[in-house]
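K.L.:
My structure is in coords.cif, and what it holds is mmCIF, C-alpha atoms:
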data_my_file
loop_
_atom_site.group_PDB
_atom_site.id
_atom_site.type_symbol
_atom_site.label_atom_id
_atom_site.label_comp_id
_atom_site.auth_asym_id
_atom_site.auth_seq_id
_atom_site.Cartn_x
_atom_site.Cartn_y
_atom_site.Cartn_z
ATOM 1 C CA ALA A 1 -9.780 6.451 -0.867
ATOM 2 C CA ALA A 2 -9.642 7.948 -4.319
ATOM 3 C CA ALA A 3 -6.950 6.949 -6.792
ATOM 4 C CA VAL A 4 -3.667 8.844 -6.689
ATOM 5 C CA ASN A 5 -1.766 9.993 -9.776
ATOM 6 C CA TYR A 6 1.764 8.646 -10.089
ATOM 7 C CA PRO A 7 4.547 11.098 -9.279
ATOM 8 C CA ALA A 8 6.975 12.192 -11.982
ATOM 9 C CA ALA A 9 9.970 9.936 -12.586
ATOM 10 C CA GLY A 10 12.590 10.636 -9.919
ATOM 11 C CA ALA A 11 10.223 12.705 -7.760
ATOM 12 C CA ALA A 12 9.529 11.935 -4.120
ATOM 13 C CA ALA A 13 7.156 9.094 -3.275
ATOM 14 C CA VAL A 14 3.515 9.973 -2.740
ATOM 15 C CA ASP A 15 1.102 8.451 -0.231
ATOM 16 C CA VAL A 16 -1.489 6.104 -1.661
ATOM 17 C CA LEU A 17 -3.042 5.141 1.689
ATOM 18 C CA SER A 18 -2.338 6.077 5.292
ATOM 19 C CA TYR A 19 -3.842 4.763 8.538
ATOM 20 C CA THR A 20 -2.913 5.488 12.156
ATOM 21 C CA VAL A 21 -4.062 3.105 14.882
ATOM 22 C CA PRO A 22 -6.201 5.020 17.410
ATOM 23 C CA GLN A 23 -4.996 5.560 20.980
ATOM 24 C CA GLY A 24 -5.853 2.653 23.274
ATOM 25 C CA GLN A 25 -6.316 0.180 20.417
ATOM 26 C CA LYS A 26 -4.385 -2.372 18.413
ATOM 27 C CA ALA A 27 -5.154 -3.348 14.833
ATOM 28 C CA ARG A 28 -4.734 -6.188 12.382
ATOM 29 C CA ILE A 29 -4.808 -5.754 8.622
ATOM 30 C CA GLN A 30 -6.163 -8.967 7.098
ATOM 31 C CA TYR A 31 -6.681 -8.084 3.440
ATOM 32 C CA LEU A 32 -4.609 -5.913 1.120
ATOM 33 C CA ALA A 33 -4.938 -4.722 -2.460
ATOM 34 C CA ILE A 34 -2.622 -2.363 -4.348
ATOM 35 C CA VAL A 35 -3.655 -1.740 -7.939
ATOM 36 C CA HIS A 36 -2.669 0.163 -11.058
ATOM 37 C CA ILE A 37 -5.532 1.948 -12.808
ATOM 38 C CA GLY A 38 -5.179 2.309 -16.552
ATOM 39 C CA GLY A 39 -3.123 0.412 -19.110
ATOM 40 C CA GLY A 40 0.524 0.087 -19.934
ATOM 41 C CA LEU A 41 2.041 -1.058 -16.634
ATOM 42 C CA ILE A 42 4.139 -4.206 -16.860
ATOM 43 C CA ASP A 43 4.448 -5.856 -13.446
ATOM 44 C CA MET A 44 8.028 -6.546 -12.322
ATOM 45 C CA SER A 45 9.463 -4.022 -14.803
ATOM 46 C CA GLY A 46 10.740 -1.765 -12.010
ATOM 47 C CA ASN A 47 8.951 1.226 -13.527
ATOM 48 C CA VAL A 48 6.764 1.634 -10.430
ATOM 49 C CA ILE A 49 7.657 0.827 -6.825
ATOM 50 C CA TRP A 50 5.119 0.580 -4.018
ATOM 51 C CA ARG A 51 6.285 0.496 -0.395
ATOM 52 C CA ILE A 52 4.428 -0.634 2.703
ATOM 53 C CA LEU A 53 5.771 1.293 5.675
ATOM 54 C CA ILE A 54 5.059 0.991 9.376
ATOM 55 C CA ASN A 55 6.214 4.008 11.337
ATOM 56 C CA GLY A 56 8.361 4.982 8.350
ATOM 57 C CA ALA A 57 10.200 1.646 8.088
ATOM 58 C CA PRO A 58 9.577 -0.963 5.374
ATOM 59 C CA HIS A 59 7.386 -3.875 6.444
ATOM 60 C CA LYS A 60 9.138 -7.235 6.080
ATOM 61 C CA GLY A 61 9.231 -8.263 2.435
ATOM 62 C CA MET A 62 7.076 -5.330 1.339
ATOM 63 C CA GLY A 63 9.581 -2.501 1.149
ATOM 64 C CA ALA A 64 9.960 -2.428 -2.638
ATOM 65 C CA LEU A 65 7.029 -4.056 -4.421
ATOM 66 C CA GLN A 66 7.275 -3.981 -8.213
ATOM 67 C CA CYS A 67 3.915 -5.573 -8.969
ATOM 68 C CA GLN A 68 0.303 -5.113 -8.031
ATOM 69 C CA VAL A 69 -1.008 -6.945 -4.976
ATOM 70 C CA GLY A 70 -4.362 -8.666 -5.328
ATOM 71 C CA SER A 71 -7.291 -6.704 -6.690
ATOM 72 C CA PHE A 72 -10.172 -4.794 -5.184
ATOM 73 C CA THR A 73 -12.429 -7.738 -5.969
ATOM 74 C CA PHE A 74 -9.979 -10.333 -4.615
ATOM 75 C CA PRO A 75 -7.552 -8.725 -2.136
ATOM 76 C CA ASN A 76 -4.625 -10.791 -0.850
ATOM 77 C CA LYS A 77 -4.928 -12.257 2.632
ATOM 78 C CA VAL A 78 -2.182 -10.886 4.890
ATOM 79 C CA VAL A 79 -1.469 -10.622 8.591
ATOM 80 C CA ILE A 80 -0.051 -7.246 9.585
ATOM 81 C CA ASP A 81 -0.325 -6.513 13.307
ATOM 82 C CA LEU A 82 -0.187 -2.902 14.453
ATOM 83 C CA ALA A 83 0.103 -1.437 17.940
ATOM 84 C CA GLU A 84 -1.397 1.702 19.429
ATOM 85 C CA SER A 85 -0.384 4.843 17.468
ATOM 86 C CA ASP A 86 1.424 2.862 14.728
ATOM 87 C CA GLN A 87 1.248 4.521 11.348
ATOM 88 C CA PHE A 88 0.646 2.218 8.361
ATOM 89 C CA LYS A 89 1.359 3.750 4.981
ATOM 90 C CA ILE A 90 1.493 2.657 1.348
ATOM 91 C CA THR A 91 3.550 4.868 -0.949
ATOM 92 C CA VAL A 92 4.323 4.802 -4.663
ATOM 93 C CA GLU A 93 7.231 6.162 -6.634
ATOM 94 C CA VAL A 94 8.617 6.082 -10.155
ATOM 95 C CA PRO A 95 12.419 5.629 -10.240
ATOM 96 C CA ALA A 96 14.427 8.342 -12.015
ATOM 97 C CA ALA A 97 15.575 5.957 -14.780
ATOM 98 C CA ALA A 98 12.055 4.668 -15.468
ATOM 99 C CA PRO A 99 9.797 6.073 -18.157
ATOM 100 C CA ALA A 100 7.098 8.331 -16.775
ATOM 101 C CA PRO A 101 3.691 6.648 -16.524
ATOM 102 C CA PRO A 102 1.261 7.821 -19.213
ATOM 103 C CA VAL A 103 -0.835 10.847 -18.290
ATOM 104 C CA GLY A 104 -4.038 9.880 -16.528
ATOM 105 C CA MET A 105 -2.681 6.647 -15.028
ATOM 106 C CA SER A 106 -3.114 6.248 -11.301
ATOM 107 C CA THR A 107 -2.886 3.806 -8.425
ATOM 108 C CA ALA A 108 -5.002 2.986 -5.407
ATOM 109 C CA ALA A 109 -4.906 0.697 -2.377
ATOM 110 C CA ARG A 110 -7.379 -0.881 -0.006
ATOM 111 C CA ILE A 111 -7.006 -2.564 3.368
ATOM 112 C CA HIS A 112 -9.472 -4.435 5.531
ATOM 113 C CA GLY A 113 -9.083 -5.602 9.098
ATOM 114 C CA TRP A 114 -10.108 -4.773 12.625
ATOM 115 C CA THR A 115 -9.193 -2.805 15.739
ATOM 116 C CA LEU A 116 -9.501 -3.889 19.345
ATOM 117 C CA ALA A 117 -9.354 -1.883 22.577
ATOM 118 C CA VAL A 118 -6.350 -2.788 24.732
#
Turn the structure described in the file into structure tokens.

P.N.:
Amino acid sequence: AAAVNYPAAGAAAVDVLSYTVPQGQKARIQYLAIVHIGGGLIDMSGNVIWRILINGAPHKGMGALQCQVGSFTFPNKVVIDLAESDQFKITVEVPAAAPAPPVGMSTAARIHGWTLAV
């Protein structure tokens, strides 16, 4: 998917990536990358928060990420199992107290895995 511009500070989170498991299938996400595109982001500063949500709820340990995850060249290996009709989503937000990201900065995410008929 194309890169997504960051929302304004204090605005609602925006979707970076969304995937719904097809009917009659299960899925496993095996690789994950969430990246900042442009300069100026300091990981762990709290200025940007990414969330990995499954059916609207935070995935264990990934509900408030303050740093990039892997890279497009070297994504992190993960195991995220999804059932039929589960919705997997990665969102990004800029907290109200954080400085707004510079104009033209964006974020993107990539997943890789498989589906299997059940």

K.L.:
Report as an mmCIF file with C-alpha atoms, in the coordinates of the input the full result of the PyMOL selection byres ((chain A and resi 55-63) around 8) when it is applied to this structure.

P.N.:
data_model
loop_
_atom_site.group_PDB
_atom_site.id
_atom_site.type_symbol
_atom_site.label_atom_id
_atom_site.label_comp_id
_atom_site.auth_asym_id
_atom_site.auth_seq_id
_atom_site.Cartn_x
_atom_site.Cartn_y
_atom_site.Cartn_z
ATOM 1 C CA TRP A 50 5.119 0.580 -4.018
ATOM 2 C CA ARG A 51 6.285 0.496 -0.395
ATOM 3 C CA ILE A 52 4.428 -0.634 2.703
ATOM 4 C CA LEU A 53 5.771 1.293 5.675
ATOM 5 C CA ILE A 54 5.059 0.991 9.376
ATOM 6 C CA ALA A 64 9.960 -2.428 -2.638
ATOM 7 C CA LEU A 65 7.029 -4.056 -4.421
ATOM 8 C CA ASP A 86 1.424 2.862 14.728
ATOM 9 C CA GLN A 87 1.248 4.521 11.348
ATOM 10 C CA PHE A 88 0.646 2.218 8.361
ATOM 11 C CA LYS A 89 1.359 3.750 4.981
#

K.L.:
Have a look at A:Gln66, A:Gln25, A:Thr91, A:Asn76 and name the one nearest to Ile111 of chain A; count all atoms listed in the file.

P.N.:
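Going through A:Gln66, A:Gln25, A:Thr91, A:Asn76 one by one, the smallest distance to Ile111 of chain A is for A:Asn76.
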
K.L.:
List, as a list in words, every residue that the PyMOL selection byres ((chain A and resi 16) around 10) selects in the file provided.

P.N.:
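Applied to this file, the PyMOL selection byres ((chain A and resi 16) around 10) returns Ala1, Ala2, Ala3, Val4, Asn5, Tyr6, Ala13, Val14, Asp15, Leu17, Ser18, Ile34, Trp50, Arg51, Ile52, Lys89, Ile90, Thr91, Val92, Ser106, Thr107, Ala108, Ala109 and Arg110 of chain A.
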
K.L.:
With C-alpha atoms retained, could you export that selection as a tab-separated table (two decimals), keeping the file's coordinate frame?

P.N.:
chain	number	residue	atom	x	y	z
A	1	ALA	CA	-9.78	6.45	-0.87
A	2	ALA	CA	-9.64	7.95	-4.32
A	3	ALA	CA	-6.95	6.95	-6.79
A	4	VAL	CA	-3.67	8.84	-6.69
A	5	ASN	CA	-1.77	9.99	-9.78
A	6	TYR	CA	1.76	8.65	-10.09
A	13	ALA	CA	7.16	9.09	-3.28
A	14	VAL	CA	3.52	9.97	-2.74
A	15	ASP	CA	1.10	8.45	-0.23
A	17	LEU	CA	-3.04	5.14	1.69
A	18	SER	CA	-2.34	6.08	5.29
A	34	ILE	CA	-2.62	-2.36	-4.35
A	50	TRP	CA	5.12	0.58	-4.02
A	51	ARG	CA	6.28	0.50	-0.40
A	52	ILE	CA	4.43	-0.63	2.70
A	89	LYS	CA	1.36	3.75	4.98
A	90	ILE	CA	1.49	2.66	1.35
A	91	THR	CA	3.55	4.87	-0.95
A	92	VAL	CA	4.32	4.80	-4.66
A	106	SER	CA	-3.11	6.25	-11.30
A	107	THR	CA	-2.89	3.81	-8.43
A	108	ALA	CA	-5.00	2.99	-5.41
A	109	ALA	CA	-4.91	0.70	-2.38
A	110	ARG	CA	-7.38	-0.88	-0.01

K.L.:
So what do you get for atom CA of Pro95 of chain A versus atom CA of Gly10 of chain A, distance-wise?

P.N.:
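We find that atom CA of Pro95 of chain A and atom CA of Gly10 of chain A lie 5.0 Å from each other.
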
K.L.:
Which is closer to Ile37 of chain A than all the others in A:Val78, A:Glu84, A:Val103, A:Gly24, using all atoms listed in the file?

P.N.:
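Closest candidate: A:Val103.
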
K.L.:
With distances taken over only C-alpha atoms, which of A:Val21, A:Ala117, A:Cys67, A:Phe74 is nearest to Gly46 of chain A?

P.N.:
A:Cys67

K.L.:
Check the smallest atom-to-atom distance from each of A:Met105, A:Ile80, A:Ala33, A:Leu41 to Ala8 of chain A using all atoms listed in the file, then report the winner.

P.N.:
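That would be A:Met105, the residue with the smallest distance to Ala8 of chain A.
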
K.L.:
May I ask which of the residues A:Val35, A:Thr20, A:Ala11, A:Lys26 is the closest one to Gly70 of chain A, counting only C-alpha atoms?

P.N.:
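Nearest to Gly70 of chain A: A:Val35.
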
K.L.:
Can you measure atom CA of Val94 of chain A to atom CA of His36 of chain A for me? One decimal in Å is fine.

P.N.:
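Atom CA of Val94 of chain A sits 12.8 Å away from atom CA of His36 of chain A.
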
K.L.:
With distances taken over all atoms listed in the file, which residue among A:Leu32, A:Val48, A:Ala100, A:Ile42 lies nearest Phe72 of chain A?

P.N.:
A:Leu32

K.L.:
Quote the spacing between atom CA of Tyr31 of chain A and atom CA of Val69 of chain A in Å to one decimal place.

P.N.:
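Distance between the two atoms: 10.2 Å.
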
K.L.:
Segment 12-19 of chain A, all listed atoms, 3 Å padding on each side: what axis-aligned box centre and edge lengths in Å to one decimal come out, as JSON?

P.N.:
{"center_x": 2.8, "center_y": 8.3, "center_z": 2.2, "size_x": 19.4, "size_y": 13.2, "size_z": 18.7}

K.L.:
Step by step, work through what the PyMOL selection byres ((chain A and resi 114) around 9) selects in the shown file, and finish by giving those residues as an MDAnalysis selection string.

P.N.:
chainID A and resid 26:30 112:113 115:116

K.L.:
Write the selection just made, keeping C-alpha atoms, as a PDB file, keeping the file's coordinate frame?

P.N.:
ATOM      1  CA  LYS A  26      -4.385  -2.372  18.413  1.00  0.00           C
ATOM      2  CA  ALA A  27      -5.154  -3.348  14.833  1.00  0.00           C
ATOM      3  CA  ARG A  28      -4.734  -6.188  12.382  1.00  0.00           C
ATOM      4  CA  ILE A  29      -4.808  -5.754   8.622  1.00  0.00           C
ATOM      5  CA  GLN A  30      -6.163  -8.967   7.098  1.00  0.00           C
ATOM      6  CA  HIS A 112      -9.472  -4.435   5.531  1.00  0.00           C
ATOM      7  CA  GLY A 113      -9.083  -5.602   9.098  1.00  0.00           C
ATOM      8  CA  THR A 115      -9.193  -2.805  15.739  1.00  0.00           C
ATOM      9  CA  LEU A 116      -9.501  -3.889  19.345  1.00  0.00           C
TER      10      LEU A 116
END
